[in-house]
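K.L.:
Provided below: run24.txt, containing compact mmCIF, C-alpha atoms.
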```
# COMPACT_ATOMS: atom_id res chain seq x y z
CA MET A 14 -39.56 -1.24 6.07
CA THR A 15 -39.78 -5.02 6.16
CA ARG A 16 -37.23 -7.49 7.36
CA ILE A 17 -35.73 -9.63 4.59
CA SER A 18 -35.17 -13.36 4.77
CA HIS A 19 -31.47 -13.52 4.04
CA PRO A 20 -28.47 -11.66 5.43
CA PRO A 21 -26.88 -9.27 2.94
CA ILE A 22 -23.77 -10.29 1.01
CA VAL A 23 -20.98 -7.70 1.04
CA ALA A 24 -18.44 -7.43 -1.78
CA VAL A 25 -15.34 -5.44 -0.82
CA LEU A 26 -13.53 -4.10 -3.88
CA GLY A 27 -9.86 -3.46 -3.26
CA ALA A 28 -9.86 -5.95 -0.41
CA SER A 29 -6.09 -6.42 -0.50
CA GLY A 30 -5.43 -2.82 0.58
CA LEU A 31 -5.15 -1.48 4.11
CA ILE A 32 -8.77 -0.34 4.50
CA GLY A 33 -10.27 -3.15 2.43
CA GLU A 34 -8.45 -5.84 4.36
CA ALA A 35 -9.47 -4.26 7.68
CA ILE A 36 -13.14 -4.14 6.64
CA CYS A 37 -13.08 -7.77 5.46
CA GLY A 38 -11.41 -8.97 8.63
CA TYR A 39 -13.82 -7.10 10.90
CA LEU A 40 -17.00 -8.15 9.10
CA MET A 41 -15.92 -11.78 8.80
CA ALA A 42 -15.12 -11.87 12.51
CA GLN A 43 -18.69 -10.70 13.15
CA GLY A 44 -20.10 -13.51 11.01
CA HIS A 45 -21.10 -11.53 7.92
CA LYS A 46 -20.99 -12.92 4.37
CA VAL A 47 -18.07 -11.14 2.71
CA VAL A 48 -16.56 -11.52 -0.75
CA PRO A 49 -13.07 -9.96 -0.95
CA VAL A 50 -12.24 -8.77 -4.49
CA ALA A 51 -8.90 -7.41 -5.73
CA ARG A 52 -6.38 -7.57 -8.54
CA ARG A 53 -4.17 -9.83 -6.46
CA PHE A 54 -3.88 -11.07 -2.91
CA THR A 55 -0.90 -11.86 -0.74
CA PRO A 56 -0.31 -15.51 0.23
CA VAL A 57 -1.43 -14.64 3.76
CA GLN A 58 -4.69 -13.13 2.50
CA ASN A 59 -5.34 -16.11 0.22
CA ALA A 60 -4.83 -18.45 3.16
CA ALA A 61 -7.15 -16.42 5.39
CA TRP A 62 -9.88 -16.08 2.75
CA GLU A 63 -9.48 -19.43 1.04
CA GLY A 64 -12.47 -20.12 -1.17
CA LEU A 65 -13.89 -16.61 -0.71
CA ALA A 66 -11.45 -14.25 -2.45
CA VAL A 67 -12.14 -13.25 -6.05
CA GLN A 68 -9.07 -12.18 -7.99
CA MET A 69 -9.60 -9.94 -11.00
CA PRO A 70 -8.14 -6.71 -12.46
CA LEU A 71 -11.02 -4.43 -11.51
CA VAL A 72 -9.56 -1.07 -12.55
CA ASP A 73 -8.35 -2.32 -15.94
CA ALA A 74 -11.50 -4.35 -16.68
CA GLU A 75 -13.61 -3.31 -19.65
CA ARG A 76 -17.21 -2.45 -18.91
CA PRO A 77 -18.70 -5.81 -20.06
CA ALA A 78 -16.20 -7.72 -17.92
CA LEU A 79 -16.91 -5.56 -14.89
CA GLN A 80 -20.65 -5.91 -15.42
CA ALA A 81 -20.36 -9.69 -15.59
CA ALA A 82 -18.18 -9.73 -12.46
CA ILE A 83 -20.58 -7.57 -10.43
CA LEU A 84 -23.51 -9.75 -11.49
CA LYS A 85 -21.61 -12.91 -10.52
CA LEU A 86 -20.78 -11.55 -7.07
CA GLN A 87 -24.50 -11.45 -6.19
CA ALA A 88 -23.70 -8.86 -3.54
CA ASP A 89 -26.36 -6.69 -1.94
CA VAL A 90 -23.80 -4.15 -0.71
CA ILE A 91 -20.64 -3.12 -2.55
CA VAL A 92 -17.86 -1.40 -0.63
CA ASN A 93 -15.37 0.31 -2.94
CA CYS A 94 -11.96 0.79 -1.33
CA ILE A 95 -10.02 1.15 -4.59
CA GLY A 96 -7.79 4.18 -4.92
CA ALA A 97 -4.34 5.34 -5.95
CA LEU A 98 -2.25 8.13 -4.47
CA GLN A 99 -0.17 9.12 -7.47
CA ASP A 100 0.46 8.25 -11.10
CA ALA A 101 2.49 5.09 -11.72
CA PRO A 102 3.79 3.51 -14.94
CA GLY A 103 0.75 2.46 -16.96
CA SER A 104 -1.59 3.40 -14.10
CA PRO A 105 -2.68 7.06 -14.04
CA VAL A 106 -4.35 8.11 -10.81
CA ALA A 107 -7.53 9.13 -12.64
CA ARG A 108 -8.14 5.57 -13.80
CA ALA A 109 -8.54 4.20 -10.27
CA ASN A 110 -9.94 7.25 -8.50
CA ARG A 111 -12.40 8.57 -11.08
CA ASP A 112 -12.81 6.46 -14.22
CA PHE A 113 -13.32 3.15 -12.42
CA VAL A 114 -15.97 4.69 -10.17
CA ALA A 115 -17.77 6.13 -13.19
CA THR A 116 -17.79 2.70 -14.86
CA LEU A 117 -18.96 1.00 -11.68
CA VAL A 118 -21.81 3.49 -11.25
CA ASP A 119 -22.78 3.04 -14.89
CA VAL A 120 -22.89 -0.74 -14.43
CA LEU A 121 -25.04 -0.48 -11.31
CA GLN A 122 -27.42 1.98 -12.96
CA ASP A 123 -27.78 -0.23 -16.01
CA GLU A 124 -28.40 -3.25 -13.82
CA THR A 125 -31.22 -1.44 -12.01
CA SER A 126 -32.75 -0.28 -15.31
CA GLU A 127 -32.62 -3.81 -16.75
CA SER A 128 -34.45 -5.21 -13.73
CA HIS A 129 -37.32 -2.82 -14.42
CA ARG A 130 -37.31 -3.56 -18.15
CA ASP A 131 -37.51 -7.26 -17.33
CA GLY A 132 -40.61 -6.67 -15.27
CA GLN A 133 -38.86 -7.08 -11.91
CA PRO A 134 -39.58 -3.74 -10.21
CA GLY A 135 -39.20 -5.38 -6.79
CA ARG A 136 -35.51 -6.08 -7.28
CA ASP A 137 -33.49 -3.82 -5.04
CA PRO A 138 -30.56 -1.80 -6.39
CA ARG A 139 -27.23 -2.59 -4.80
CA LEU A 140 -26.04 -0.19 -2.14
CA LEU A 141 -22.71 1.41 -2.97
CA ILE A 142 -20.44 2.34 -0.05
CA HIS A 143 -17.52 4.35 -1.36
CA VAL A 144 -14.38 5.16 0.62
CA SER A 145 -13.16 8.65 -0.25
CA ILE A 146 -11.11 11.40 1.42
CA PRO A 147 -11.99 14.08 3.98
CA GLY A 148 -11.68 17.81 3.57
CA ASP A 149 -13.24 20.68 1.66
CA GLY A 150 -13.13 20.43 -2.13
CA ARG A 151 -12.06 24.06 -2.33
CA ASP A 152 -8.76 23.05 -0.74
CA ASP A 153 -7.99 20.28 -3.24
CA LEU A 154 -4.53 20.89 -4.69
CA THR A 155 -3.57 17.49 -6.11
CA ASP A 156 -4.86 15.26 -8.90
CA PHE A 157 -5.50 12.66 -6.21
CA SER A 158 -7.96 14.79 -4.26
CA ARG A 159 -9.58 16.33 -7.34
CA GLU A 160 -10.23 12.93 -8.91
CA LYS A 161 -11.58 11.57 -5.62
CA ARG A 162 -13.94 14.53 -5.40
CA ALA A 163 -15.07 14.00 -9.02
CA ALA A 164 -15.89 10.38 -8.18
CA GLU A 165 -18.02 11.53 -5.25
CA ALA A 166 -19.96 13.86 -7.55
CA THR A 167 -20.57 11.02 -10.01
CA ILE A 168 -21.99 8.83 -7.25
CA ALA A 169 -24.11 11.63 -5.76
CA ARG A 170 -25.92 12.37 -9.03
CA SER A 171 -26.34 8.72 -10.04
CA GLY A 172 -29.67 8.16 -8.32
CA LEU A 173 -28.29 5.01 -6.69
CA PRO A 174 -28.44 4.44 -2.94
CA PHE A 175 -25.00 5.36 -1.63
CA ILE A 176 -22.91 6.15 1.41
CA ILE A 177 -19.64 8.01 0.94
CA LEU A 178 -17.18 7.52 3.77
CA HIS A 179 -14.56 10.14 4.63
CA PRO A 180 -12.09 8.54 7.03
CA GLY A 181 -9.20 10.51 8.48
CA PHE A 182 -5.71 9.13 8.96
CA VAL A 183 -6.59 5.44 9.02
CA TYR A 184 -4.69 3.45 11.59
CA ALA A 185 -5.00 -0.31 11.44
CA GLU A 186 -3.34 -3.37 12.88
CA ALA A 187 -1.53 -3.81 9.58
CA ALA A 188 1.11 -1.23 8.66
CA TYR A 189 1.13 0.22 5.16
CA GLY A 190 1.81 3.57 3.54
CA GLY A 191 1.40 6.50 5.89
CA SER A 192 0.78 4.38 8.99
CA ALA A 193 3.98 2.42 8.31
CA LEU A 194 5.90 5.66 7.87
CA MET A 195 4.61 7.09 11.15
CA ARG A 196 5.62 3.92 12.98
CA ALA A 197 9.11 4.19 11.51
CA LEU A 198 9.47 7.88 12.34
CA ALA A 199 8.38 7.17 15.91
CA VAL A 200 11.51 5.13 16.63
CA LEU A 201 13.91 7.59 15.02
CA PRO A 202 15.36 10.67 16.75
CA PHE A 203 13.75 13.04 14.26
CA ASP A 204 10.81 15.41 14.45
CA LEU A 205 8.90 16.95 11.57
CA PRO A 206 9.06 20.65 10.69
CA GLU A 207 6.89 22.71 13.03
CA ALA A 208 4.61 23.88 10.21
CA LEU A 209 3.82 20.27 9.34
CA ALA A 210 3.81 18.85 12.88
CA SER A 211 1.14 21.36 13.96
CA ARG A 212 -1.30 20.47 11.18
CA PRO A 213 -4.61 18.83 12.27
CA PHE A 214 -4.49 15.09 11.71
CA ALA A 215 -7.75 13.41 12.72
CA VAL A 216 -7.21 9.71 13.37
CA THR A 217 -9.61 6.97 12.30
CA ASP A 218 -9.41 3.53 13.86
CA ALA A 219 -9.92 1.07 10.99
CA ARG A 220 -12.38 -0.85 13.17
CA ASP A 221 -14.68 2.20 13.19
CA ILE A 222 -15.02 1.83 9.42
CA GLY A 223 -15.93 -1.83 9.86
CA ARG A 224 -18.41 -0.94 12.60
CA SER A 225 -20.02 1.62 10.30
CA VAL A 226 -20.51 -0.92 7.52
CA GLU A 227 -21.96 -3.34 10.08
CA VAL A 228 -24.58 -0.75 11.11
CA VAL A 229 -25.56 -0.37 7.46
CA LEU A 230 -25.93 -4.14 7.12
CA ALA A 231 -28.18 -4.24 10.17
CA ASP A 232 -30.40 -1.56 8.62
CA TRP A 233 -30.42 -3.50 5.35
CA THR A 234 -31.86 -6.56 7.06
CA THR A 235 -34.76 -4.44 8.36
CA GLY A 236 -35.63 -3.43 4.80
CA ARG A 237 -33.97 -0.03 4.52
CA ARG A 238 -32.91 0.71 0.95
CA ALA A 239 -32.72 4.50 0.69
CA TRP A 240 -29.34 6.02 1.53
CA GLN A 241 -27.90 9.34 0.41
CA SER A 242 -25.24 9.91 3.05
CA HIS A 243 -21.79 11.42 3.51
CA TRP A 244 -20.03 10.34 6.70
CA ASP A 245 -16.83 11.77 8.16
CA ILE A 246 -15.52 8.85 10.20
CA MET A 247 -12.85 10.18 12.54
CA GLU A 248 -12.15 11.28 16.07
CA THR A 249 -14.24 14.19 17.34
CA GLU A 250 -11.31 16.44 18.26
CA ALA A 251 -8.53 16.16 15.73
CA SER A 252 -5.02 15.23 16.80
CA THR A 253 -2.04 16.84 15.11
CA VAL A 254 0.68 15.23 13.04
CA GLY A 255 3.12 15.88 15.88
CA SER A 256 0.87 14.43 18.58
CA VAL A 257 0.29 11.25 16.55
CA LEU A 258 4.03 10.86 16.12
CA ALA A 259 4.62 11.49 19.83
CA GLY A 260 1.91 8.99 20.80
CA LEU A 261 3.48 6.28 18.67
CA ALA A 262 6.93 7.12 20.02
CA ARG A 263 5.67 6.60 23.57
CA ARG A 264 4.01 3.34 22.61
CA LEU A 265 7.00 1.95 20.71
CA ALA A 266 9.60 3.22 23.18
CA GLY A 267 10.99 5.70 20.70
CA PRO A 268 13.60 8.31 21.63
CA LYS A 269 12.54 11.29 23.71
CA ARG A 270 15.03 13.74 22.24
CA ARG A 271 14.19 14.54 18.66
CA ILE A 272 16.05 16.50 16.00
CA ARG A 273 13.72 18.68 13.94
CA VAL A 274 14.06 17.95 10.23
CA PRO A 275 14.14 21.00 7.91
CA GLY A 276 11.39 21.29 5.33
CA TRP A 277 13.73 21.02 2.36
CA MET A 278 14.70 17.51 3.44
CA LEU A 279 11.08 16.37 3.24
CA THR A 280 10.72 18.00 -0.16
CA THR A 281 13.83 16.21 -1.37
CA ALA A 282 12.62 12.91 0.05
CA SER A 283 9.23 13.33 -1.64
CA ARG A 284 10.86 13.96 -5.00
CA ALA A 285 13.01 10.89 -4.53
CA GLY A 286 9.83 8.98 -3.70
CA ASP A 287 8.24 10.22 -6.93
CA LEU A 288 11.26 8.99 -8.85
CA VAL A 289 11.39 5.48 -7.42
CA SER A 290 7.62 5.13 -7.82
CA TRP A 291 8.24 4.95 -11.56
CA LEU A 292 10.24 1.79 -10.84
CA GLY A 293 7.16 0.15 -9.38
CA TRP A 294 7.79 0.92 -5.70
CA ARG A 295 5.17 2.54 -3.47
CA PRO A 296 7.10 4.78 -1.06
CA PRO A 297 4.91 6.56 1.51
CA VAL A 298 6.82 9.83 1.07
CA ARG A 299 5.77 11.32 -2.27
CA SER A 300 4.87 14.83 -3.33
CA THR A 301 1.13 14.14 -3.25
CA ALA A 302 1.31 12.68 0.26
CA LEU A 303 3.28 15.69 1.47
CA VAL A 304 0.77 18.18 0.03
CA GLU A 305 -2.18 16.26 1.46
CA MET A 306 -0.55 16.06 4.89
CA ALA A 307 0.24 19.78 4.83
CA ARG A 308 -3.42 20.50 4.12
CA GLY A 309 -4.36 18.62 7.24
CA VAL A 310 -6.98 15.98 7.98
CA THR A 311 -10.20 17.36 9.44
CA GLY A 312 -13.91 16.68 9.31
CA ASP A 313 -17.17 16.76 11.22
CA SER A 314 -18.28 13.35 12.46
CA ALA A 315 -21.62 14.62 13.79
CA THR A 316 -23.69 13.22 10.89
CA TRP A 317 -22.00 9.84 11.13
CA ARG A 318 -22.48 9.67 14.89
CA ARG A 319 -26.13 10.68 14.60
CA GLU A 320 -27.03 8.25 11.80
CA THR A 321 -25.12 5.25 13.14
CA GLY A 322 -25.22 5.80 16.89
CA LEU A 323 -21.48 5.13 17.01
CA ASP A 324 -18.82 7.05 18.89
CA PRO A 325 -15.33 7.20 17.39
CA LEU A 326 -12.24 6.03 19.18
CA SER A 327 -10.01 9.01 19.93
CA GLY A 328 -6.59 9.29 18.36
CA PRO A 329 -4.68 8.78 21.64
CA ARG A 330 -6.80 5.75 22.50
CA THR A 331 -6.35 4.26 19.02
CA LEU A 332 -2.57 4.69 19.20
CA ALA A 333 -2.47 3.34 22.76
CA MET A 334 -4.03 0.11 21.46
CA THR A 335 -1.03 -0.48 19.18
CA ALA A 336 0.62 -3.73 20.18
CA ALA A 337 3.96 -2.72 21.70
CA THR A 338 5.44 -6.09 20.81
CA VAL A 339 8.93 -6.87 19.66
CA GLN A 340 7.66 -7.54 16.13
CA GLU A 341 6.14 -4.04 16.00
CA ARG A 342 9.44 -2.52 17.10
CA TRP A 343 11.38 -4.65 14.62
CA PHE A 344 9.13 -3.48 11.80
CA ALA A 345 9.44 0.17 12.80
CA ARG A 346 13.24 -0.03 12.92
CA LEU A 347 13.59 -1.99 9.68
CA TYR A 348 11.12 0.00 7.62
CA MET A 349 13.49 2.84 6.77
CA LEU A 350 16.40 0.43 6.40
CA LYS A 351 14.56 -1.46 3.68
CA ALA A 352 15.12 1.33 1.14
CA MET A 353 18.77 1.55 2.15
CA ILE A 354 19.22 -2.21 1.81
CA ILE A 355 17.73 -2.26 -1.69
CA GLY A 356 19.64 0.86 -2.70
CA ILE A 357 23.04 -0.33 -1.52
CA LEU A 358 22.60 -3.71 -3.21
CA VAL A 359 21.74 -2.00 -6.50
CA VAL A 360 24.90 0.12 -6.20
CA PHE A 361 26.99 -2.89 -5.15
CA TRP A 362 26.05 -5.02 -8.16
CA VAL A 363 25.98 -2.31 -10.83
CA VAL A 364 29.21 -0.63 -9.72
CA SER A 365 31.12 -3.89 -9.20
CA GLY A 366 30.09 -5.09 -12.64
CA GLY A 367 30.86 -1.72 -14.20
CA ILE A 368 34.34 -1.55 -12.63
CA ALA A 369 35.22 -5.07 -13.80
CA LEU A 370 34.01 -4.20 -17.28
CA THR A 371 35.97 -0.95 -17.54
CA VAL A 372 38.88 0.27 -15.42
CA ALA A 373 39.60 -3.13 -13.83
CA PHE A 374 39.03 -5.22 -16.95
CA ASP A 375 42.70 -6.04 -17.53
CA ALA A 376 43.26 -6.90 -13.85
CA ALA A 377 40.19 -9.15 -13.78
CA THR A 378 41.27 -10.90 -16.95
CA ARG A 379 44.81 -11.37 -15.62
CA ILE A 380 43.53 -13.28 -12.58
CA LEU A 381 42.12 -15.91 -14.92
CA THR A 382 45.06 -16.03 -17.31
CA ASP A 383 47.43 -16.46 -14.33
CA HIS A 384 45.49 -19.60 -13.45
CA GLY A 385 45.75 -21.22 -16.86
CA PHE A 386 42.86 -19.69 -18.80
CA ALA A 387 43.48 -18.68 -22.42
CA GLU A 388 43.26 -14.92 -22.86
CA PRO A 389 40.20 -14.93 -25.19
CA LEU A 390 38.32 -17.19 -22.76
CA ALA A 391 39.40 -15.08 -19.79
CA LYS A 392 38.10 -11.92 -21.49
CA ALA A 393 34.82 -13.60 -22.40
CA ILE A 394 34.28 -14.80 -18.83
CA THR A 395 35.03 -11.33 -17.46
CA ILE A 396 32.58 -9.68 -19.84
CA VAL A 397 29.82 -12.20 -19.17
CA THR A 398 30.15 -12.12 -15.39
CA SER A 399 30.32 -8.32 -15.36
CA LEU A 400 27.15 -8.07 -17.42
CA MET A 401 25.51 -10.58 -15.08
CA ASP A 402 26.44 -8.39 -12.11
CA ILE A 403 24.96 -5.30 -13.76
CA SER A 404 21.81 -7.20 -14.77
CA ILE A 405 21.28 -8.38 -11.19
CA GLY A 406 21.62 -4.81 -9.92
CA LEU A 407 19.06 -3.54 -12.44
CA ALA A 408 16.70 -6.40 -11.56
CA ILE A 409 16.88 -5.48 -7.87
CA LEU A 410 16.21 -1.85 -8.78
CA HIS A 411 12.75 -2.61 -10.17
CA ARG A 412 10.06 -3.75 -7.76
CA ARG A 413 8.58 -6.42 -10.02
CA THR A 414 11.94 -8.11 -10.59
CA CYS A 415 13.52 -7.35 -7.22
CA ARG A 416 12.89 -10.80 -5.74
CA ILE A 417 14.30 -12.49 -8.83
CA GLY A 418 17.32 -10.18 -8.69
CA LEU A 419 18.00 -10.94 -5.03
CA LEU A 420 17.71 -14.70 -5.58
CA ALA A 421 19.97 -14.45 -8.63
CA GLY A 422 22.46 -12.39 -6.62
CA ILE A 423 22.62 -15.02 -3.89
CA ALA A 424 23.05 -17.81 -6.45
CA LEU A 425 25.77 -15.96 -8.38
CA SER A 426 27.61 -15.04 -5.18
CA LEU A 427 27.65 -18.68 -4.10
CA PHE A 428 28.88 -19.63 -7.58
CA TYR A 429 31.71 -17.10 -7.29
CA MET A 430 32.72 -18.45 -3.90
CA ILE A 431 32.71 -22.10 -5.00
CA SER A 432 34.50 -21.34 -8.28
CA ALA A 433 37.16 -19.35 -6.49
CA ALA A 434 37.69 -22.16 -3.99
CA LEU A 435 38.27 -24.60 -6.85
CA ILE A 436 40.11 -22.44 -9.38
CA THR A 437 41.73 -19.54 -7.51
CA PRO A 438 41.92 -20.57 -3.83
CA ASP A 439 44.65 -18.02 -3.13
CA MET A 440 42.06 -15.23 -3.56
CA TRP A 441 40.60 -16.20 -0.19
CA ILE A 442 43.64 -14.84 1.56
CA GLU A 443 44.28 -11.77 -0.57
CA PRO A 444 44.79 -8.59 1.54
CA LEU A 445 41.44 -6.88 0.90
CA GLY A 446 39.47 -10.08 1.46
CA ALA A 447 37.20 -9.64 -1.57
CA LEU A 448 35.80 -13.16 -1.39
CA VAL A 449 35.45 -13.10 2.39
CA LYS A 450 33.18 -10.05 2.01
CA THR A 451 30.89 -12.01 -0.33
CA GLY A 452 29.42 -13.84 2.67
CA PRO A 453 28.02 -10.68 4.34
CA SER A 454 26.61 -9.52 0.99
CA ILE A 455 24.70 -12.80 0.71
CA ILE A 456 23.28 -12.25 4.20
CA LEU A 457 22.27 -8.70 3.24
CA MET A 458 20.42 -10.02 0.20
CA MET A 459 18.65 -12.55 2.42
CA VAL A 460 17.59 -9.68 4.67
CA GLY A 461 16.31 -7.85 1.59
CA LEU A 462 14.19 -10.88 0.71
CA ALA A 463 12.89 -11.08 4.28
CA VAL A 464 11.61 -7.47 4.31
CA LEU A 465 10.53 -7.24 0.67
CA GLU A 466 6.81 -7.75 1.25
CA GLU A 467 4.78 -4.55 1.55
CA ARG A 468 1.45 -6.02 2.67
```
Take the structure from the file and write it as structure tokens.
P.N.:
Amino acid sequence: MTRISHPPIVAVLGASGLIGEAICGYLMAQGHKVVPVARRFTPVQNAAWEGLAVQMPLVDAERPALQAAILKLQADVIVNCIGALQDAPGSPVARANRDFVATLVDVLQDETSESHRDGQPGRDPRLLIHVSIPGDGRDDLTDFSREKRAAEATIARSGLPFIILHPGFVYAEAAYGGSALMRALAVLPFDLPEALASRPFAVTDARDIGRSVEVVLADWTTGRRAWQSHWDIMETEASTVGSVLAGLARRLAGPKRRIRVPGWMLTTASRAGDLVSWLGWRPPVRSTALVEMARGVTGDSATWRRETGLDPLSGPRTLAMTAATVQERWFARLYMLKAMIIGILVVFWVVSGGIALTVAFDAATRILTDHGFAEPLAKAITIVTSLMDISIGLAILHRRTCRIGLLAGIALSLFYMISAALITPDMWIEPLGALVKTGPSIILMMVGLAVLEER
């Protein structure tokens, strides 16, 4: 092996996700050349990676577009962190977990073949580091795990240099998906069913994944090009789901007395999660997540430790490093409330508009006619405003339009308050205080806007 003259460039595909962002942050902090690539980035990520981030729809890209993008990246090492837990509208799980990997492998193989056809046998193939899932393929029960396993097989028989990473339950500084859910459960007085709480749940500190990639980069600079490795990156002795939850509860000052939740409640919650996922939301509790958690998270990190010389952080130590700050506790307490906030606002707007349009139509129209409006105009205003209310509720219901719906709800509420002050001021002192209650609803919508971001 000979040392090369330039440090390797690392392209992280799916850099906006939990693992991808953690890898980018770690490697950049260590001074490595990193190119974050994703369909879209948050404003915070764009600010942190200004001038470096490449935004493109990787999974939906046709082969020629993906080939051109990979060539333009000029990366020596490609880390693929792209994956999807469950089918979503227009985005089947197989497309991200299996089909994209097959296309990526095909592009890399073709690139290597072209270099030889062009008389450049000395050109090194790119190293593919693929983030997959732990466990034995014989235990795969979901489309998610089966497609992930199929992608591994495609990479293994490709002839390309590769490293397939099998992290456990990844815990990072950022909270998303399962790690966000565990934080939230830790500050609630509930415990999981015993059958689930006792399942093995090996923890992986996200920094251990970054450290692993850094070891590979160091080997790359010495001239190493041949990799055919599978690494289970996780603590040596697996924690359990219950011990992880208890560790977070201690760290975040959660309640000591816990009420054990029956299994049927989790099943119901997962089915509700499946339903709202078709509205664009990404709830952590879905049927696939529940099945995968029930299977347990285990692996053997011996190969990884031997080939990298690294020792994993244990689960208790990883959890103990969680910042027990007020912002962490705020997030944990608000996480579950977010769904309730969105849900109650949807009900508020749709039901209020529906009532005014149906059983209370005459009463709503009479308020306007009593203040000098002609009856046809009063009816038209009632119909229009009722439909606006319902439209706002439906906009809030869908993830893509939720922000627009919340902003529209605030604007319309303010319009109602100002109009009532000018046209029907006596409504401010009516017994049920309908207009007075508009103020708290505006504040609730502002709270919804404040907690809307997922990453």
K.L.:
Might you pull out every residue within 10 Å of Leu465 of chain A, with only C-alpha atoms counted and same-chain residues fewer than 6 positions away left off, and present them as a PDB file with C-alpha atoms, keeping the file's coordinate frame?
P.N.:
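Dumped everything to selection.pdb:
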```
ATOM      1  CA  LYS A 351      14.560  -1.460   3.680  1.00  0.00           C
ATOM      2  CA  ALA A 352      15.120   1.330   1.140  1.00  0.00           C
ATOM      3  CA  ILE A 355      17.730  -2.260  -1.690  1.00  0.00           C
ATOM      4  CA  ARG A 412      10.060  -3.750  -7.760  1.00  0.00           C
ATOM      5  CA  CYS A 415      13.520  -7.350  -7.220  1.00  0.00           C
ATOM      6  CA  ARG A 416      12.890 -10.800  -5.740  1.00  0.00           C
ATOM      7  CA  MET A 459      18.650 -12.550   2.420  1.00  0.00           C
TER       8      MET A 459
END
```
K.L.:
Write out, as a tab-separated table, each residue of segment 101-206 of chain A that has an atom at most 9 Å from segment 287-305 of chain A, together with the closest pair of atoms and their distance in Å to one decimal, counting all atoms listed in the file, rows going by chain and rising number.
P.N.:
```
residue	atom	partner	partner_atom	distance
A:Ala101	CA	A:Trp291	CA	5.8
A:Pro102	CA	A:Trp291	CA	5.8
A:Asp153	CA	A:Glu305	CA	8.5
A:Leu154	CA	A:Val304	CA	7.6
A:Thr155	CA	A:Thr301	CA	6.4
A:Asp156	CA	A:Thr301	CA	8.3
A:Phe157	CA	A:Thr301	CA	7.4
A:Ser158	CA	A:Glu305	CA	8.3
A:Tyr189	CA	A:Pro297	CA	8.2
A:Gly190	CA	A:Pro297	CA	4.8
A:Gly191	CA	A:Pro297	CA	5.6
A:Ser192	CA	A:Pro297	CA	8.8
A:Ala193	CA	A:Pro297	CA	8.0
A:Leu194	CA	A:Pro297	CA	6.5
```
K.L.:
For Ile380 of chain A, which residue among A:Ile455, A:Met401, A:Leu326, A:Ile436 is the nearest when counting all atoms listed in the file?
P.N.:
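Under the stated criterion, the closest residue is A:Ile436.
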K.L.:
Measure the distance from atom CA of Ser29 of chain A to atom CA of Tyr184 of chain A in Å and round it to one decimal.
P.N.:
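We find that atom CA of Ser29 of chain A and atom CA of Tyr184 of chain A lie 15.7 Å from each other.
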K.L.:
I'd like the interatomic distance between atom CA of Ala166 of chain A and atom CA of Lys85 of chain A, to a tenth of an Å.
P.N.:
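Calculated distance between atom CA of Ala166 of chain A and atom CA of Lys85 of chain A is 27.0 Å.
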K.L.:
Have a look at atom CA of Leu407 of chain A and atom CA of Leu381 of chain A and let me know their distance in Å, one decimal.
P.N.:
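Distance between the two atoms: 26.3 Å.
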K.L.:
Quick one: residues within 8 Å of Ala197 of chain A, only C-alpha atoms, excluding same-chain residues fewer than 2 positions away - as number ranges by chain?
P.N.:
A: 193-195, 199-201, 344-349
K.L.:
Taking C-alpha atoms for each residue, export the selection above as a CSV table (one decimal), in the frame of the given file.
P.N.:
```csv
chain,number,residue,atom,x,y,z
A,193,ALA,CA,4.0,2.4,8.3
A,194,LEU,CA,5.9,5.7,7.9
A,195,MET,CA,4.6,7.1,11.2
A,199,ALA,CA,8.4,7.2,15.9
A,200,VAL,CA,11.5,5.1,16.6
A,201,LEU,CA,13.9,7.6,15.0
A,344,PHE,CA,9.1,-3.5,11.8
A,345,ALA,CA,9.4,0.2,12.8
A,346,ARG,CA,13.2,0.0,12.9
A,347,LEU,CA,13.6,-2.0,9.7
A,348,TYR,CA,11.1,0.0,7.6
A,349,MET,CA,13.5,2.8,6.8
```
K.L.:
Kindly indicate which residue among A:Ala115, A:Met334, A:Val460, A:Ala219 lies nearest to Gly260 of chain A, using all atoms listed in the file for the distances.
P.N.:
A:Met334
